[in-house]
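These notes are about the structure you will find just below.
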Amino acid sequence: LQNVRIDPSSIAFQMWKDIPVPFYLSVHFFEVLNPKQVLRGAKPVLSQRGPYVYREYRVKTNITFHDNDTVSFLEYRHLFFQPDLSNGTEDEYIVVPNIMLMGAAVMVEKLPDFVKLLLSGALASLKQEAFMNRTVGEIMWGYDDPLIDAINTIIPGLLPFKGKFGLFMDFNNSDSGLFTVNTGMSNISQVHMVDSWNGLKKVDYWRSSQCNMINGTAGEMWPPFMSPTSLQFYSPDACRSMTLVYEQAGQFQGVPTYRFVAPKTLFANGTDYPPNEGFCPCLQSGIQNVSTCRLNAPMFISHPHFYNADPSLVNAVEGLHPSKEQHGLFLDVHPMTGIPMNCSIKLQLNLYIKHVSGIIQTGRIKPVVLPLLWFAESGSIEGSVLKQFYTNLVLLPLVLEYVQYILLGLSVPLIVSAALLMARRK
């Protein structure tokens with residue numbers, strides 16, 4: 001118990017502070033093969049590109065212990081491209097939706113017609129089209145786009161940033177918010193459980209108190225002596241807490257584990273799963289509207305390839321092949337310590353696109369939730385850390401168990417001999 005607390009003197013503290021597990025971010029893009037046809041109302045045809053793999057380093061800073069048995073910290077992520085692990089380079093060009101244009105079009109759909117005409121005129125003067133051909137690096141880390149400044153001029157306050165846009169701009173060399181978690185010093189069952197995030201006990205993105213709750217841990221470790229039921233963690237990337245359910249017991253490199261996976265209800269809509277009504281307005285089941293925490297842009301998250309989603313989402317485009325083996329997320333956790341041994345957290349980012357009256361650049365695009373990319377954050381314990389785990393948590397208990405049986409076996413004849421000796425004396 002002492003060694004799994006968040007305490008500088010515990011064995012687990014250094015592992016918590018400087019995670020020794022090599023993490024990798026693998027990104028798969030969906031290229032649109034028929035953009036001109038999509039503008040005329042055709043079904044989008046997609047081709048998966050990648051993966052583009054990045055080594056991920058996580059560093060905790062501003063570690064501050066408090067008197068109420070909690071500790072606060074910022075965790076920064078630093079990503080470095082790995083050409084040898086990737087299927088392609090960051091210089092490759094990919095045809096994807098013009099995210100700024102299509103997102104802005106849907107965002108202004110209910111505004112007065114003159115606003116849409118102004119936006120459409122600005123798009124024409126800037127030669128902006130519904131689909132763009134940009135490099136992987138530009139889409140990931142940002143590109144200069146005069147459209148951003150034009151939108152901010154026409155509709156002040158619509159976008160809270162200037163000049164540059166990239167899907168992962170806020171992901172690299174940045175922190176995931178100020179977490180305050182329980183140290184477990186007074187109650188080991190609460191170790192790693194989130195006390196607050198950015199000073200908040202709950203978020204205000206969603207329409208119900210249940211959906212706004214910050215539950216579970218920060219997603220790195222869990223309390224020891226886990227039961228085979230479920231685990232929870234708060235994900236700033238998904239703007240919500242997630243609950244994974246127990247699937248089966250297993251082993252990772254000889255170390256016993258519990259595997260936890262996403263339930264089919266994780267991204268279900270309120271019709272299929274009423275507790276998720278607070279995440280609505282919803283479309284089909286299997287995608288979650290995250291516009292309220294993504295600048296009101298028409299963005300949705302889901303499992304990759306719409307795994308576990310309404311089949312209509314898969315059928316609305318060509319090129320998706322959902323499967324549990326490739327697109328299901330999982331966590332393999334050592335139940336005695338609550339430390340993950342092997343994990344792969346996968347999410348897909350989608351953009352809702354459609355024809356918007358008054359904006360000619362949207363052509364006759366039919367309403368569709370279009371996959372942009374999916375990514376997996378994966379890691380597993382290896383090397384000297386794995387060896388230490390195996391020695392302390394598998395070999396040593398096994399040896400002690402054998403010693404117990406040996407001592408018990410030796411004690412039986414001794415007890416019999418002592419009983420016979422006492423009987424003779426009588």
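By convention here, the chains of the structure tokens are called A, B, ... in the order presented, each chain's residues are numbered starting at 1, and ligands are numbered starting at 1 in the order presented.
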Proximity check range 155-193 of chain A to range 24-36 of chain A, 12 Å, nearest pairs one decimal Å, only C-alpha atoms, as JSON lines:
```
{"residue": "A:Leu167", "atom": "CA", "partner": "A:Val27", "partner_atom": "CA", "distance": 11.5}
{"residue": "A:Phe168", "atom": "CA", "partner": "A:Val27", "partner_atom": "CA", "distance": 10.6}
{"residue": "A:Phe171", "atom": "CA", "partner": "A:Leu25", "partner_atom": "CA", "distance": 10.9}
{"residue": "A:Asn172", "atom": "CA", "partner": "A:Leu25", "partner_atom": "CA", "distance": 11.0}
```
All residues 8 Å or closer to range 311-316 of chain A, only C-alpha atoms, same chain fewer than 3 positions away omitted, as a ChimeraX atom specification: /A:43-44,284,305-306,320,368-369
Resulting file, chosen residues, N, CA and C atoms, as a tab-separated table (two decimals), in the first residue's frame:
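Final output, out_37.tsv:
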```
chain	number	residue	atom	x	y	z
A	43	LYS	N	-21.47	10.21	-53.09
A	43	LYS	CA	-20.98	9.64	-51.83
A	43	LYS	C	-19.46	9.78	-51.77
A	44	PRO	N	-18.90	10.26	-50.66
A	44	PRO	CA	-17.44	10.36	-50.55
A	44	PRO	C	-16.77	8.98	-50.58
A	284	GLN	N	-26.72	10.08	-35.40
A	284	GLN	CA	-26.81	8.63	-35.24
A	284	GLN	C	-26.01	8.18	-34.01
A	305	HIS	N	-13.22	4.17	-37.87
A	305	HIS	CA	-14.03	3.50	-38.90
A	305	HIS	C	-15.49	3.31	-38.44
A	306	PHE	N	-15.93	4.14	-37.49
A	306	PHE	CA	-17.29	4.06	-36.94
A	306	PHE	C	-17.57	2.67	-36.35
A	320	LEU	N	-14.58	2.39	-45.51
A	320	LEU	CA	-14.45	2.07	-44.09
A	320	LEU	C	-14.68	0.58	-43.86
A	368	VAL	N	-23.31	14.71	-44.43
A	368	VAL	CA	-22.60	13.48	-44.07
A	368	VAL	C	-21.60	13.79	-42.97
A	369	VAL	N	-21.43	12.85	-42.05
A	369	VAL	CA	-20.37	12.93	-41.04
A	369	VAL	C	-19.14	12.28	-41.66
```
Neighbour list for range 212-226 of chain A as a compact mmCIF listing (two decimals) with N, CA, C and O atoms, in the first residue's frame, cut-off 6 Å, only C-alpha atoms, skip fewer than 4 positions in-chain:
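Saved file part_6.txt follows:
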```txt
# COMPACT_ATOMS: atom_id res chain seq x y z
N SER A 189 -7.82 3.77 -1.39
CA SER A 189 -8.81 3.49 -2.44
C SER A 189 -9.07 4.71 -3.31
O SER A 189 -9.71 4.60 -4.36
N VAL A 191 -6.44 6.81 -4.32
CA VAL A 191 -5.20 7.23 -4.96
C VAL A 191 -5.42 7.39 -6.47
O VAL A 191 -6.10 6.59 -7.11
N HIS A 192 -4.89 8.46 -7.02
CA HIS A 192 -4.97 8.84 -8.44
C HIS A 192 -6.34 9.36 -8.86
O HIS A 192 -6.48 9.82 -9.99
N MET A 193 -7.34 9.31 -7.99
CA MET A 193 -8.66 9.81 -8.36
C MET A 193 -8.62 11.34 -8.48
O MET A 193 -8.05 12.03 -7.63
N VAL A 194 -9.23 11.88 -9.54
CA VAL A 194 -9.18 13.32 -9.81
C VAL A 194 -10.02 14.08 -8.79
O VAL A 194 -11.19 13.77 -8.58
N LYS A 202 -16.42 19.98 -11.93
CA LYS A 202 -17.18 19.47 -13.06
C LYS A 202 -17.04 20.46 -14.21
O LYS A 202 -16.69 21.63 -14.00
N VAL A 203 -17.27 19.99 -15.44
CA VAL A 203 -17.18 20.87 -16.60
C VAL A 203 -18.57 21.40 -16.94
O VAL A 203 -19.57 21.01 -16.33
N ASP A 204 -18.64 22.32 -17.90
CA ASP A 204 -19.94 22.88 -18.28
C ASP A 204 -20.18 22.77 -19.78
O ASP A 204 -20.90 23.57 -20.36
N TRP A 206 -21.70 20.17 -21.24
CA TRP A 206 -22.82 19.31 -21.58
C TRP A 206 -24.11 19.74 -20.89
O TRP A 206 -24.10 20.64 -20.04
N GLN A 232 -12.76 4.21 -14.64
CA GLN A 232 -13.12 5.50 -15.21
C GLN A 232 -11.89 6.41 -15.28
O GLN A 232 -10.96 6.29 -14.48
N PHE A 233 -11.91 7.33 -16.25
CA PHE A 233 -10.88 8.35 -16.32
C PHE A 233 -11.45 9.57 -17.04
O PHE A 233 -12.40 9.47 -17.83
N TYR A 234 -10.87 10.74 -16.73
CA TYR A 234 -11.29 11.97 -17.39
C TYR A 234 -10.34 12.26 -18.54
O TYR A 234 -9.11 12.26 -18.37
N SER A 241 -15.62 12.48 -19.05
CA SER A 241 -15.16 11.26 -18.38
C SER A 241 -15.62 10.05 -19.19
O SER A 241 -16.68 10.06 -19.81
N PRO A 335 -4.13 -5.77 -11.77
CA PRO A 335 -5.19 -5.46 -10.79
C PRO A 335 -4.67 -5.21 -9.38
O PRO A 335 -5.29 -4.45 -8.63
N MET A 336 -3.54 -5.80 -9.00
CA MET A 336 -3.04 -5.62 -7.64
C MET A 336 -2.54 -4.19 -7.41
O MET A 336 -2.75 -3.61 -6.35
N THR A 337 -1.89 -3.60 -8.44
CA THR A 337 -1.30 -2.27 -8.27
C THR A 337 -2.09 -1.17 -8.97
O THR A 337 -1.90 0.01 -8.68
N GLY A 338 -2.94 -1.52 -9.94
CA GLY A 338 -3.67 -0.51 -10.70
C GLY A 338 -2.83 0.16 -11.76
O GLY A 338 -3.20 1.20 -12.30
N ILE A 339 -1.68 -0.44 -12.12
CA ILE A 339 -0.77 0.14 -13.10
C ILE A 339 -1.02 -0.51 -14.47
O ILE A 339 -1.00 -1.74 -14.58
```
Residue set, range 241-379 of chain A restricted to helix (DSSP H, G or I), as a list in words: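 Those residues are Pro274, Pro275, Asn276, Glu277, Gly278, Phe279, Ser291, Thr292, Cys293, Pro304, His305, Phe306, Pro311, Ser312, Leu313, Val314, Asn315, Lys324, Glu325, Gln326, His327, Ile360, Gln361 and Thr362 of chain A.
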I'd like the contact shell of Gln248 in chain A - 12 Å cut-off, only C-alpha atoms, skipping same-chain residues fewer than 3 positions apart - returned as a list in words. Ser227, Pro228, Thr229, Ser230, Val245, Gln251, Pro256, Thr257, Tyr258, Arg259, Phe260, Val261, Phe330, Leu331, Asp332, Val333 and Pro335 of chain A
For Ile151 in chain A, list every protein, DNA or RNA residue within 10 Å, evaluated using only C-alpha atoms, and leave out those in the same chain fewer than 6 positions away; present the list as number ranges by chain. A: 100-101, 104, 118-119, 122-123, 157-159, 162
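Going from CA of Gln82 in chain A over to CA of Gln326 in chain A, you cover 20.8 Å.
Taking CA of Ser209 in chain A as the reference point, CA of Gly328 in chain A is found at 28.0 Å.
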Residue among A:Gln361, A:Asn68, A:Asn350, A:Asn152 lying closest to Ala297 in chain A, counting only C-alpha atoms: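 Smallest distance to Ala297 in chain A is found for A:Asn350.
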Which residue gives the smallest distance to Asn133 in chain A among A:Phe114, A:Tyr307, A:Tyr93, A:Phe80, with only C-alpha atoms counted? A:Tyr93
Which of these residues is nearest to Leu85 in chain A, using only C-alpha atoms: A:Arg55, A:Lys201, A:Arg294, A:Arg5?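 Going through A:Arg55, A:Lys201, A:Arg294, A:Arg5 one by one, the smallest distance to Leu85 in chain A is for A:Arg55.
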The distance between CA of Val317 in chain A and CA of Gly142 in chain A is 26.7 Å
Quick one: DSSP strand (DSSP E) residues in range 98-206 of chain A, as a VMD selection string? chain A and resid 131 to 135 143 to 144 164 to 165 174 to 175 179 to 182 194 to 197
Keeping only C-alpha atoms, take the residues you just selected and write them out as a CSV table (one decimal), in the first residue's frame.
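And here is the file that came out, again-v3.csv:
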```csv
chain,number,residue,atom,x,y,z
A,131,PHE,CA,-11.5,20.5,-50.4
A,132,MET,CA,-7.8,21.3,-50.1
A,133,ASN,CA,-4.6,19.5,-50.9
A,134,ARG,CA,-2.1,20.0,-48.1
A,135,THR,CA,0.8,18.1,-46.5
A,143,TYR,CA,-0.7,26.3,-41.9
A,144,ASP,CA,-1.2,30.0,-42.5
A,164,LYS,CA,-2.8,29.7,-38.4
A,165,PHE,CA,-4.8,26.4,-38.0
A,174,SER,CA,1.4,21.8,-24.4
A,175,ASP,CA,-0.2,20.5,-21.3
A,179,PHE,CA,-4.9,18.1,-12.7
A,180,THR,CA,-5.3,17.8,-8.9
A,181,VAL,CA,-5.5,14.1,-7.8
A,182,ASN,CA,-5.6,12.2,-4.5
A,194,VAL,CA,-9.2,13.3,-9.8
A,195,ASP,CA,-10.1,16.0,-7.3
A,196,SER,CA,-10.3,18.8,-9.8
A,197,TRP,CA,-9.2,19.7,-13.4
```
Rank nothing, just name the residue among A:Pro298, A:Leu178, A:Pro146, A:Lys354 nearest to Gly163 in chain A, using only C-alpha atoms. A:Pro146
Distance query Gly137 in chain A at most 8 Å, only C-alpha atoms, self and fewer than 4 positions along chain excluded, as a PDB file with C-alpha atoms, in the first residue's frame:
```pdb
ATOM      1  CA  GLU A  90       5.028  14.541 -43.192  1.00  0.00           C
ATOM      2  CA  ASP A  91       5.721  16.082 -46.621  1.00  0.00           C
ATOM      3  CA  TRP A 141       0.799  21.261 -36.955  1.00  0.00           C
ATOM      4  CA  GLY A 142      -0.733  24.208 -38.752  1.00  0.00           C
TER       5      GLY A 142
END
```
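Counting only C-alpha atoms and comparing A:Leu46, A:Thr183, A:Pro112, A:Cys282, the residue that lies closest to Phe13 in chain A is A:Thr183.
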Select, from A:Tyr205, A:Phe73, A:Phe81, A:Phe23, the residue with the minimum atom-to-atom distance to Leu295 in chain A, counting only C-alpha atoms. A:Tyr205
